[in-house]
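For reference, work-v6.txt is printed below; it contains compact mmCIF, C-alpha atoms.
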```txt
# COMPACT_ATOMS: atom_id res chain seq x y z
CA MET X 716 -144.15 49.55 95.34
CA ASP X 717 -142.84 46.17 96.51
CA THR X 718 -141.19 45.17 99.79
CA THR X 719 -137.68 45.59 98.39
CA SER X 720 -138.39 49.18 97.32
CA ARG X 721 -139.89 49.99 100.71
CA LEU X 722 -136.86 48.55 102.52
CA LEU X 723 -134.58 50.77 100.46
CA MET X 724 -136.83 53.72 101.22
CA LEU X 725 -136.53 52.97 104.94
CA LEU X 726 -132.75 52.94 104.56
CA GLU X 727 -132.83 56.35 102.88
CA VAL X 728 -135.00 57.81 105.65
CA VAL X 729 -132.56 56.59 108.31
CA GLU X 730 -129.46 57.76 106.39
CA GLN X 731 -130.95 61.19 105.72
CA GLY X 732 -132.12 61.51 109.33
CA SER X 733 -135.67 62.58 108.54
CA PHE X 734 -138.64 61.85 106.30
CA ALA X 735 -138.49 65.39 104.92
CA LYS X 736 -134.87 65.13 103.75
CA ALA X 737 -135.38 61.68 102.25
CA ALA X 738 -138.48 62.96 100.44
CA GLU X 739 -136.47 65.90 99.07
CA VAL X 740 -133.81 63.54 97.69
CA ARG X 741 -136.52 61.42 96.02
CA ASN X 742 -138.48 64.49 94.94
CA VAL X 743 -141.72 63.17 96.46
CA ASP X 744 -144.04 64.40 99.17
CA ARG X 745 -143.15 63.58 102.79
CA SER X 746 -146.53 61.92 103.30
CA VAL X 747 -145.71 59.43 100.52
CA MET X 748 -142.58 58.32 102.37
CA SER X 749 -144.44 58.00 105.65
CA LYS X 750 -147.27 56.00 104.08
CA GLN X 751 -144.89 53.54 102.37
CA ILE X 752 -142.93 52.91 105.59
CA GLY X 753 -146.26 52.28 107.33
CA ARG X 754 -147.14 49.71 104.68
CA LEU X 755 -143.75 48.06 105.12
CA GLU X 756 -144.44 47.70 108.85
CA ASP X 757 -147.84 46.15 108.04
CA GLU X 758 -146.27 43.71 105.56
CA LEU X 759 -143.59 42.60 108.01
CA GLY X 760 -145.89 42.63 111.03
CA VAL X 761 -143.41 44.54 113.21
CA ARG X 762 -142.88 48.16 114.21
CA LEU X 763 -139.68 49.51 112.66
CA LEU X 764 -139.71 53.12 113.87
CA ASN X 765 -140.76 54.87 117.04
CA ARG X 766 -142.11 58.18 115.76
CA SER X 767 -142.81 61.54 117.36
CA THR X 768 -143.96 64.74 115.71
CA ARG X 769 -140.37 65.90 115.13
CA SER X 770 -138.16 62.82 115.12
CA PHE X 771 -137.98 59.04 115.04
CA SER X 772 -135.82 56.24 116.42
CA LEU X 773 -135.28 52.68 115.26
CA THR X 774 -136.79 49.80 117.13
CA ALA X 775 -134.71 46.66 117.61
CA ALA X 776 -136.48 45.11 114.62
CA GLY X 777 -135.90 48.30 112.63
CA ALA X 778 -132.16 48.20 113.33
CA GLU X 779 -131.97 44.63 112.02
CA MET X 780 -133.95 45.58 108.92
CA ILE X 781 -131.54 48.44 108.23
CA LYS X 782 -128.64 45.96 108.22
CA LYS X 783 -130.48 43.78 105.73
CA ALA X 784 -131.49 46.77 103.60
CA THR X 785 -127.84 47.87 103.41
CA GLU X 786 -126.82 44.40 102.25
CA LEU X 787 -129.71 44.37 99.77
CA ARG X 788 -128.68 47.69 98.24
CA GLN X 789 -125.13 46.42 97.86
CA VAL X 790 -126.29 43.22 96.12
CA LEU X 791 -128.60 45.13 93.78
CA SER X 792 -125.88 47.63 92.92
CA GLU X 793 -123.35 44.88 92.15
CA THR X 794 -125.94 43.01 90.05
CA LEU X 795 -126.65 46.11 87.96
CA ARG X 796 -122.95 46.84 87.47
CA MET X 797 -122.32 43.26 86.40
CA ALA X 798 -125.17 43.37 83.87
CA GLU X 799 -124.07 46.74 82.49
CA ASN X 800 -120.55 45.49 81.90
CA TYR X 801 -121.93 42.94 79.44
CA HIS X 802 -123.36 45.70 77.26
CA GLN X 803 -121.20 46.44 74.25
CA GLU X 804 -122.20 50.10 74.31
CA PRO X 805 -122.61 52.20 77.47
CA ARG X 806 -126.18 53.00 78.43
CA GLY X 807 -128.24 54.00 81.43
CA LEU X 808 -128.12 56.89 83.90
CA LEU X 809 -124.84 58.45 85.04
CA LYS X 810 -125.25 60.60 88.17
CA ILE X 811 -122.49 63.12 88.89
CA THR X 812 -121.96 65.74 91.58
CA ALA X 813 -119.38 68.52 91.70
CA SER X 814 -118.92 72.15 92.68
CA ALA X 815 -120.40 74.69 90.29
CA ILE X 816 -117.11 75.85 88.78
CA ILE X 817 -115.80 72.31 88.18
CA GLY X 818 -119.09 71.24 86.63
CA GLN X 819 -119.46 74.27 84.39
CA ARG X 820 -115.88 74.62 83.23
CA TYR X 821 -114.44 71.09 83.19
CA LEU X 822 -117.29 68.55 83.21
CA GLN X 823 -119.95 70.04 80.92
CA PRO X 824 -117.69 70.05 77.81
CA VAL X 825 -116.86 66.38 78.49
CA ILE X 826 -120.54 65.51 78.97
CA ASN X 827 -121.46 67.13 75.67
CA ASP X 828 -118.87 65.12 73.75
CA PHE X 829 -119.57 61.94 75.74
CA GLN X 830 -123.27 61.95 74.90
CA LYS X 831 -122.48 62.47 71.22
CA ARG X 832 -120.36 59.34 71.34
CA PHE X 833 -122.74 57.37 73.55
CA PRO X 834 -126.30 58.63 73.00
CA GLN X 835 -127.85 55.89 75.15
CA VAL X 836 -126.25 57.34 78.29
CA GLU X 837 -128.33 59.82 80.30
CA VAL X 838 -126.46 62.21 82.57
CA GLU X 839 -127.72 63.91 85.71
CA MET X 840 -125.31 66.44 87.23
CA ARG X 841 -125.86 68.21 90.55
CA LEU X 842 -123.70 71.28 91.17
CA ASP X 843 -123.33 71.79 94.90
CA ASP X 844 -120.49 73.00 97.12
CA ARG X 845 -121.77 70.98 100.09
CA LEU X 846 -120.32 67.54 100.74
CA VAL X 847 -122.91 65.24 99.19
CA ASP X 848 -123.34 61.70 100.57
CA ILE X 849 -122.85 59.94 97.25
CA ILE X 850 -123.92 56.50 98.52
CA SER X 851 -127.23 57.44 100.13
CA GLU X 852 -128.08 59.89 97.33
CA GLY X 853 -127.19 57.41 94.60
CA PHE X 854 -124.36 59.20 92.77
CA ASP X 855 -121.92 57.33 90.57
CA LEU X 856 -119.17 59.95 90.67
CA ALA X 857 -118.23 63.00 92.71
CA PHE X 858 -115.49 65.42 91.71
CA ARG X 859 -113.88 67.10 94.72
CA VAL X 860 -110.95 69.35 95.47
CA GLY X 861 -108.76 68.05 98.29
CA LYS X 862 -108.36 64.46 99.40
CA PRO X 863 -111.65 63.02 100.70
CA LYS X 864 -111.73 62.05 104.37
CA ASP X 865 -114.26 59.22 104.00
CA SER X 866 -112.12 56.07 103.86
CA SER X 867 -115.08 53.95 102.71
CA LEU X 868 -115.03 55.68 99.31
CA ILE X 869 -112.62 55.15 96.43
CA ALA X 870 -110.67 58.35 95.64
CA ARG X 871 -108.74 58.62 92.39
CA PRO X 872 -106.53 61.68 91.79
CA ILE X 873 -107.43 63.51 88.58
CA ALA X 874 -104.99 66.42 88.49
CA ARG X 875 -102.77 68.58 90.67
CA ASN X 876 -104.12 71.96 91.65
CA ARG X 877 -101.65 74.29 93.34
CA TRP X 878 -102.46 77.51 95.19
CA LEU X 879 -101.55 81.00 94.00
CA ILE X 880 -101.47 84.26 95.99
CA LEU X 881 -102.95 86.86 93.67
CA ALA X 882 -103.67 90.59 93.50
CA THR X 883 -104.21 93.25 90.86
CA SER X 884 -101.72 95.97 89.90
CA GLU X 885 -104.17 98.47 91.39
CA PHE X 886 -104.02 96.66 94.72
CA ILE X 887 -100.20 96.65 94.64
CA GLU X 888 -100.12 100.39 93.90
CA THR X 889 -102.37 101.02 96.90
CA TYR X 890 -100.79 98.69 99.47
CA GLY X 891 -97.30 98.07 98.10
CA LEU X 892 -95.59 94.92 96.90
CA PRO X 893 -95.11 92.44 99.78
CA LYS X 894 -91.50 91.32 100.27
CA THR X 895 -92.19 88.64 102.90
CA ILE X 896 -95.14 86.50 103.92
CA GLU X 897 -95.42 88.54 107.13
CA ASP X 898 -96.13 91.66 105.06
CA LEU X 899 -99.48 90.16 104.09
CA SER X 900 -100.75 90.26 107.67
CA ASP X 901 -101.72 93.93 107.21
CA PHE X 902 -103.19 93.57 103.73
CA PRO X 903 -106.96 93.11 103.23
CA ALA X 904 -107.78 89.65 101.92
CA ALA X 905 -110.62 87.70 100.34
CA SER X 906 -110.98 84.10 101.56
CA TYR X 907 -113.12 81.02 101.01
CA ALA X 908 -115.61 79.91 103.66
CA ASN X 909 -118.65 77.66 103.76
CA SER X 910 -120.49 75.79 106.52
CA GLN X 911 -117.80 73.08 106.61
CA VAL X 912 -114.52 74.69 105.50
CA ARG X 913 -112.72 77.98 106.08
CA ILE X 914 -109.52 78.75 104.15
CA ASP X 915 -108.09 81.91 105.68
CA ARG X 916 -104.48 80.86 106.27
CA ILE X 917 -101.58 80.50 103.87
CA SER X 918 -99.64 77.28 104.53
CA TYR X 919 -95.96 77.40 103.57
CA ILE X 920 -92.56 75.92 104.39
CA ASP X 921 -89.93 78.27 105.81
CA GLU X 922 -86.20 78.30 105.09
CA ASP X 923 -85.60 75.73 107.86
CA GLY X 924 -88.08 73.31 106.31
CA LYS X 925 -90.74 73.87 108.98
CA ASP X 926 -94.46 73.95 108.23
CA CYS X 927 -95.84 77.43 108.91
CA GLU X 928 -99.06 79.36 108.52
CA GLN X 929 -99.82 83.00 107.88
CA LYS X 930 -103.25 84.22 108.97
CA MET X 931 -105.06 86.28 106.35
CA ARG X 932 -106.86 89.49 107.36
CA SER X 933 -110.08 88.61 105.61
CA ILE X 934 -112.38 91.52 104.86
CA PHE X 935 -114.51 89.40 102.53
CA ARG X 936 -115.54 85.74 102.59
CA ALA X 937 -117.57 83.72 100.11
CA ASN X 938 -118.36 80.08 99.37
CA ASP X 939 -117.88 80.51 95.62
CA GLY X 940 -114.49 80.66 93.91
CA GLU X 941 -115.65 82.88 91.03
CA VAL X 942 -117.06 85.41 93.48
CA LEU X 943 -113.73 85.45 95.35
CA LYS X 944 -111.89 86.03 92.09
CA MET X 945 -114.23 88.91 91.26
CA LYS X 946 -113.44 90.48 94.64
CA ILE X 947 -109.70 90.16 93.98
CA LEU X 948 -110.19 91.63 90.49
CA SER X 949 -111.85 94.67 92.08
CA GLY X 950 -108.45 95.66 93.48
CA THR X 951 -109.72 95.88 97.06
CA ALA X 952 -108.25 92.59 98.36
CA TYR X 953 -105.64 89.97 97.60
CA GLY X 954 -106.54 86.31 97.78
CA LEU X 955 -105.47 82.70 97.76
CA LEU X 956 -106.94 80.90 94.75
CA PRO X 957 -106.59 77.36 93.38
CA SER X 958 -105.01 77.29 89.95
CA PHE X 959 -108.04 75.63 88.32
CA LEU X 960 -109.96 78.91 88.80
CA ILE X 961 -107.56 80.88 86.60
CA LYS X 962 -108.36 81.56 82.94
CA ASP X 963 -106.18 84.18 81.22
CA GLU X 964 -106.04 86.73 84.05
CA VAL X 965 -102.36 86.04 84.88
CA LYS X 966 -101.26 85.73 81.26
CA ASP X 967 -102.98 89.03 80.43
CA GLY X 968 -101.42 90.79 83.43
CA ILE X 969 -104.78 91.40 85.14
CA LEU X 970 -103.78 89.31 88.17
CA VAL X 971 -100.25 89.29 89.55
CA PRO X 972 -98.88 86.34 91.58
CA LEU X 973 -97.36 87.56 94.86
CA LEU X 974 -94.38 86.10 96.75
CA THR X 975 -93.67 83.54 94.02
CA ASP X 976 -90.41 82.48 95.73
CA LEU X 977 -92.43 81.24 98.71
CA LYS X 978 -92.55 77.46 99.05
CA MET X 979 -96.19 76.52 99.44
CA ALA X 980 -96.82 73.63 101.82
CA GLU X 981 -99.20 71.61 99.65
CA ASP X 982 -101.38 71.59 96.62
CA ASN X 983 -105.08 70.85 96.59
CA PRO X 984 -105.56 68.03 94.05
CA MET X 985 -108.80 67.29 92.26
CA TYR X 986 -110.16 63.80 92.93
CA ALA X 987 -112.85 61.62 91.43
CA VAL X 988 -114.70 59.82 94.23
CA TYR X 989 -116.93 56.78 93.80
CA PRO X 990 -118.46 54.05 95.99
CA HIS X 991 -117.03 50.87 94.40
CA ARG X 992 -113.90 49.79 92.55
CA ASP X 993 -115.88 47.78 89.99
CA LEU X 994 -117.19 50.68 87.89
CA PRO X 995 -119.89 50.26 85.25
CA VAL X 996 -118.66 50.78 81.69
CA ARG X 997 -120.35 54.19 81.31
CA THR X 998 -118.76 55.48 84.53
CA ARG X 999 -115.29 54.19 83.69
CA LEU X 1000 -115.38 55.63 80.18
CA PHE X 1001 -116.62 58.99 81.42
CA LEU X 1002 -113.88 59.14 84.04
CA ASP X 1003 -111.29 58.40 81.35
CA ALA X 1004 -112.78 61.18 79.20
CA VAL X 1005 -112.52 63.69 82.06
CA ARG X 1006 -108.88 62.82 82.64
CA GLU X 1007 -108.18 63.15 78.92
CA PHE X 1008 -109.84 66.58 78.78
CA ILE X 1009 -108.13 67.96 81.88
CA GLY X 1010 -104.75 66.45 81.00
CA LYS X 1011 -103.06 63.42 82.52
CA ASP X 1012 -99.62 64.96 83.07
CA LYS X 1013 -100.15 68.72 83.05
CA PRO X 1014 -103.67 69.96 83.82
CA ILE X 1015 -105.30 72.27 81.32
CA TRP X 1016 -105.50 75.18 83.76
CA GLU X 1017 -101.71 75.37 84.18
CA GLU X 1018 -101.28 76.13 80.47
CA ALA X 1019 -102.86 79.56 81.01
CA ILE X 1020 -100.37 80.56 83.74
CA PRO X 1021 -96.92 81.66 82.48
CA ASN X 1022 -93.89 80.07 84.16
CA PHE X 1023 -96.22 77.98 86.29
CA ASP X 1024 -93.71 75.19 86.96
CA ASN X 1025 -91.40 77.64 88.74
CA LEU X 1026 -93.99 79.31 90.94
CA TYR X 1027 -94.11 78.66 94.68
CA LYS X 1028 -91.39 76.04 94.66
CA GLY X 1029 -89.18 77.86 97.19
```

How does the structure come out when it is put into structure tokens?
Amino acid sequence: MDTTSRLLMLLEVVEQGSFAKAAEVRNVDRSVMSKQIGRLEDELGVRLLNRSTRSFSLTAAGAEMIKKATELRQVLSETLRMAENYHQEPRGLLKITASAIIGQRYLQPVINDFQKRFPQVEVEMRLDDRLVDIISEGFDLAFRVGKPKDSSLIARPIARNRWLILATSEFIETYGLPKTIEDLSDFPAASYANSQVRIDRISYIDEDGKDCEQKMRSIFRANDGEVLKMKILSGTAYGLLPSFLIKDEVKDGILVPLLTDLKMAEDNPMYAVYPHRDLPVRTRLFLDAVREFIGKDKPIWEEAIPNFDNLYKG
């Protein structure tokens, strides 16, 4: 391993916050990371980290080296992208991250076709509901629902993705058909929750044009959309689901949209997120293929929901 590689390794350790996490990302043993950073300090003749048994801190020299390592990574990345754009046919590794349902249902079919067309492209896809740091973990593309908050990343909208309030006929027979949004306050609900996000309120616009919220009485929470849908399908709870999770359940009458005259406050668009505007050829072509598969004007998931354009418009 040369000095450049060790500098980039130091940067990863600092960005991940620990040797253990950086080693996990690289899929190497923690002791390997520690040994290489030690060699970097020997090569440079300065101490870069103050270490204890549980943590570390940067020395003044280490902080300067991190600035240079960040610049170095940027230069290397731009050099690789420039070289790749001269290739007539896409090649190399394409690293993608997305939630499990997006990856399985909407990305895997595109990947299969893409690699038939461009066999020299390798694809690595990580399915994870946590918010992955795509820069430090080296991803080319992330597909996320909801507008990203990190302003340093490029976010390109892929498709709209409106909410639906859904229940089964069995649930309606048991609890009644709600006439107003307030009626839902007494109904048992299933809602999404993970370590970073909790969606247990229905945002809507009232007759006076004011933004309002209705708290859901959640009796079940999960960090997986398919699991939430299964709970709703059991007839023991209603739920708020994004339209991209729906297959034929509404068309077949298994799930019934509730309060369809309600004006929902916002949708939850799907975005493609990437670190730089100047995309390599393989990344740009894959992104175009995803948009083509999902649908540029009307997303594929809306085709399975009857009368979708008139739902939740107020």

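Distances here use all atoms listed in the file; by that measure, the residue among X:Asn742, X:Thr719, X:Thr998, X:Gln929 closest to Glu852 (chain X) is X:Asn742.
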
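Interatomic distance, CA of Asn876 (chain X) against CA of Pro984 (chain X): 4.8 Å.
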
Per residue of region 831-856 of chain X within 9 Å of region 905-926 of chain X, which atom pair is closest and at what distance in Å (one decimal), using only C-alpha atoms, listed by chain and increasing number, as CSV?
```
residue,atom,partner,partner_atom,distance
X:Asp844,CA,X:Asn909,CA,8.3
X:Arg845,CA,X:Gln911,CA,7.9
X:Leu846,CA,X:Gln911,CA,8.5
```

Item to check | Option closest in space to Thr975 (chain X), from X:Thr895, X:Ser958, X:Ser900, X:Thr951 [counting only C-alpha atoms] | outcome: X:Thr895

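Of the listed residues X:Phe1001, X:Tyr890, X:Trp878, X:Tyr986, the one whose atoms come nearest to Ala813 (chain X) is X:Tyr986, with distances taken using all atoms listed in the file.
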
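Here the question is which of X:Ala874, X:Phe854, X:Asp848, X:Asp843 gets nearest to Gly1010 (chain X) using all atoms listed in the file, and that residue is X:Ala874.
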
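The residue that comes closest to Leu879 (chain X), out of X:Asn765, X:Gln789, X:Ser866, X:Asn983 and on the basis of all atoms listed in the file, is X:Asn983.
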
Do a neighbour search on region 771-780 of chain X at 8 Å with all atoms listed in the file, toss out local chain neighbours closer than 4 positions, and write the hits as a PDB file with C-alpha atoms, keeping the file's coordinate frame.
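Saved to part39.pdb:
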```
ATOM      1  CA  LEU X 722    -136.860  48.550 102.520  1.00  0.00           C
ATOM      2  CA  SER X 733    -135.670  62.580 108.540  1.00  0.00           C
ATOM      3  CA  VAL X 761    -143.410  44.540 113.210  1.00  0.00           C
ATOM      4  CA  ARG X 762    -142.880  48.160 114.210  1.00  0.00           C
ATOM      5  CA  LEU X 763    -139.680  49.510 112.660  1.00  0.00           C
ATOM      6  CA  LEU X 764    -139.710  53.120 113.870  1.00  0.00           C
ATOM      7  CA  ASN X 765    -140.760  54.870 117.040  1.00  0.00           C
ATOM      8  CA  ARG X 766    -142.110  58.180 115.760  1.00  0.00           C
ATOM      9  CA  SER X 767    -142.810  61.540 117.360  1.00  0.00           C
ATOM     10  CA  ALA X 784    -131.490  46.770 103.600  1.00  0.00           C
TER      11      ALA X 784
END
```

Next on the checklist: Env of Glu1017 (chain X): 12 Å cut, atoms = only C-alpha atoms, seq-sep filter 4 positions within chain, self excluded. Answer as an MDAnalysis selection string.
Outcome noted: chainID X and resid 874:879 957:963 965:966 1009:1010 1012:1013 1021:1026

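Proximity of X:Arg788, X:Arg721, X:Arg754, X:Lys946 to Phe886 (chain X), computed with only C-alpha atoms, is greatest for X:Lys946.
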
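In this structure, CA of Asp976 (chain X) sits 23.5 Å away from CA of Leu943 (chain X).
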
Next on the checklist: So that I can see what lies close to Ser749 (chain X), please list as a PyMOL selection string the residues with an atom at most 10 Å from it, counting all atoms listed in the file and leaving out residues fewer than 6 positions away in the same chain.
Outcome noted: chain X and resi 724-725+728+734-735+738+755

Next on the checklist: To one decimal place in Å, what is the distance between CA of Thr883 (chain X) and CA of Asp967 (chain X)?
Outcome noted: 11.3 Å

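Residues lying within 8 Å of Ile934 (chain X), counting all atoms listed in the file and ignoring same-chain neighbours fewer than 6 positions away, are Pro903, Ala904, Ala905 and Ala952 of chain X.
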
So for region 743-746 of chain X, what box centre and size do we get, axis-aligned, 4 Å extra on each of the six sides, every listed atom, Å to one decimal, as lines of an AutoDock Vina configuration file?
```
center_x = -144.1
center_y = 63.2
center_z = 99.9
size_x = 12.8
size_y = 10.5
size_z = 14.8
```
